Amino acid sequence: MELTQPDPSATAAAHRTPSRALTTAIVGLTLATAYIHLGLGGLLFTLNAAGYAALAAAMVVAATVSHPLVRRFDWLPRVGLGGYTVTTIGAYLVMGPYFSLGWMAKGIEVAILTLLAIDVYRNYGSPAGLIRAALASVGMGSTSRPVDVV
């Protein structure tokens, strides 16, 4: 009886599928909150929507482009989107105005943060792994990075 090795491309595809679904969910929720902010009108909300749209595009680029420079800094859109989302939630809690659509947007933003946390654990193993990857990308640490932690 002959033992066969699993097809590496099938194994890699099986590991990428959850990451693609996770990235798709993050991008979808980010575009949803961008749409909500855009519909509110006014310069502040429009700029917030543009920021979310740009970060959604950055997430797509980080997930789909295999250029070495993009791979090196693939942590940056995650950190940027996380920081932007936390800032948006904080600004809403401080400034208001409090209404149901605003709370719905905050719920979407909390979901974005939750999915980003899952994404960080899947891709870096822990927040410390993300920090190591960020430091390594600018020449300040080890270059080892865990591959898709399952």
# chains A, B, ... in the order shown; residues from 1 in each chain; ligands from 1
>>> residues_around(residues="Ala32 in chain A", least_positions_apart="4", cutoff="8 Å", atoms="only C-alpha atoms", output="ChimeraX atom specification")
/A:28,36,108
>>> write_last_selection(atoms="C-alpha atoms", output="PDB file, in the first residue's frame")
ATOM      1  CA  GLY A  28     -17.848  44.374   4.366  1.00  0.00           C
ATOM      2  CA  ILE A  36     -23.646  54.962   7.298  1.00  0.00           C
ATOM      3  CA  ILE A 108     -20.740  47.348  13.551  1.00  0.00           C
TER       4      ILE A 108
END
>>> residues_around(residues="Ala25 in chain A", least_positions_apart="5", cutoff="10 Å", atoms="only C-alpha atoms", output="mmCIF file with N, CA and C atoms, in the first residue's frame")
data_model
loop_
_atom_site.group_PDB
_atom_site.id
_atom_site.type_symbol
_atom_site.label_atom_id
_atom_site.label_comp_id
_atom_site.auth_asym_id
_atom_site.auth_seq_id
_atom_site.Cartn_x
_atom_site.Cartn_y
_atom_site.Cartn_z
ATOM 1 N N SER A 19 -9.250 32.711 6.228
ATOM 2 C CA SER A 19 -8.669 34.057 6.210
ATOM 3 C C SER A 19 -9.387 34.939 5.207
ATOM 4 N N ARG A 20 -9.723 34.376 4.053
ATOM 5 C CA ARG A 20 -10.462 35.153 3.047
ATOM 6 C C ARG A 20 -11.840 35.528 3.563
ATOM 7 N N THR A 30 -16.612 47.242 7.369
ATOM 8 C CA THR A 30 -15.959 48.553 7.268
ATOM 9 C C THR A 30 -16.667 49.409 6.224
ATOM 10 N N LEU A 31 -17.024 48.804 5.100
ATOM 11 C CA LEU A 31 -17.753 49.561 4.075
ATOM 12 C C LEU A 31 -19.169 49.906 4.540
ATOM 13 N N ALA A 111 -17.953 44.988 16.118
ATOM 14 C CA ALA A 111 -17.779 43.739 15.354
ATOM 15 C C ALA A 111 -16.486 43.787 14.534
ATOM 16 N N ILE A 112 -16.175 44.940 13.952
ATOM 17 C CA ILE A 112 -14.911 45.090 13.215
ATOM 18 C C ILE A 112 -13.739 44.811 14.141
ATOM 19 N N LEU A 115 -13.478 41.066 14.898
ATOM 20 C CA LEU A 115 -12.924 40.315 13.767
ATOM 21 C C LEU A 115 -11.445 40.627 13.544
ATOM 22 N N LEU A 116 -11.050 41.862 13.779
ATOM 23 C CA LEU A 116 -9.627 42.205 13.677
ATOM 24 C C LEU A 116 -8.811 41.442 14.720
#
>>> closest_residue(among="A:Gly41, A:Pro127, A:Gly80, A:Pro68", to="Ala56 in chain A", atoms="only C-alpha atoms")
A:Gly80
>>> closest_residue(among="A:Val86, A:Val65, A:Leu76, A:Ile118", to="Ala133 in chain A", atoms="only C-alpha atoms")
A:Leu76
>>> closest_residue(among="A:Leu44, A:Leu93, A:Leu29, A:Val60", to="Val110 in chain A", atoms="only C-alpha atoms")
A:Leu29
>>> atom_distance(atom1="CA of Pro77 in chain A", atom2="CA of Ala62 in chain A")
7.3 Å
>>> decode(residues="range 30-53 of chain A", atoms="C-alpha atoms", output="tab-separated table (two decimals), in the first residue's frame")
chain	number	residue	atom	x	y	z
A	30	THR	CA	-15.96	48.55	7.27
A	31	LEU	CA	-17.75	49.56	4.08
A	32	ALA	CA	-21.11	49.34	5.89
A	33	THR	CA	-20.01	51.80	8.56
A	34	ALA	CA	-18.47	54.00	5.84
A	35	TYR	CA	-21.84	54.06	4.08
A	36	ILE	CA	-23.65	54.96	7.30
A	37	HIS	CA	-21.25	57.85	7.96
A	38	LEU	CA	-21.45	59.05	4.37
A	39	GLY	CA	-25.25	59.18	4.59
A	40	LEU	CA	-25.13	61.43	7.65
A	41	GLY	CA	-23.72	64.35	5.65
A	42	GLY	CA	-21.44	67.06	6.92
A	43	LEU	CA	-17.69	67.30	6.57
A	44	LEU	CA	-16.77	65.30	9.69
A	45	PHE	CA	-18.96	62.32	8.77
A	46	THR	CA	-17.88	62.44	5.11
A	47	LEU	CA	-14.21	62.41	6.10
A	48	ASN	CA	-14.88	59.54	8.50
A	49	ALA	CA	-16.54	57.61	5.66
A	50	ALA	CA	-13.57	58.30	3.37
A	51	GLY	CA	-11.17	57.07	6.04
A	52	TYR	CA	-13.11	53.83	6.48
A	53	ALA	CA	-13.26	53.33	2.68
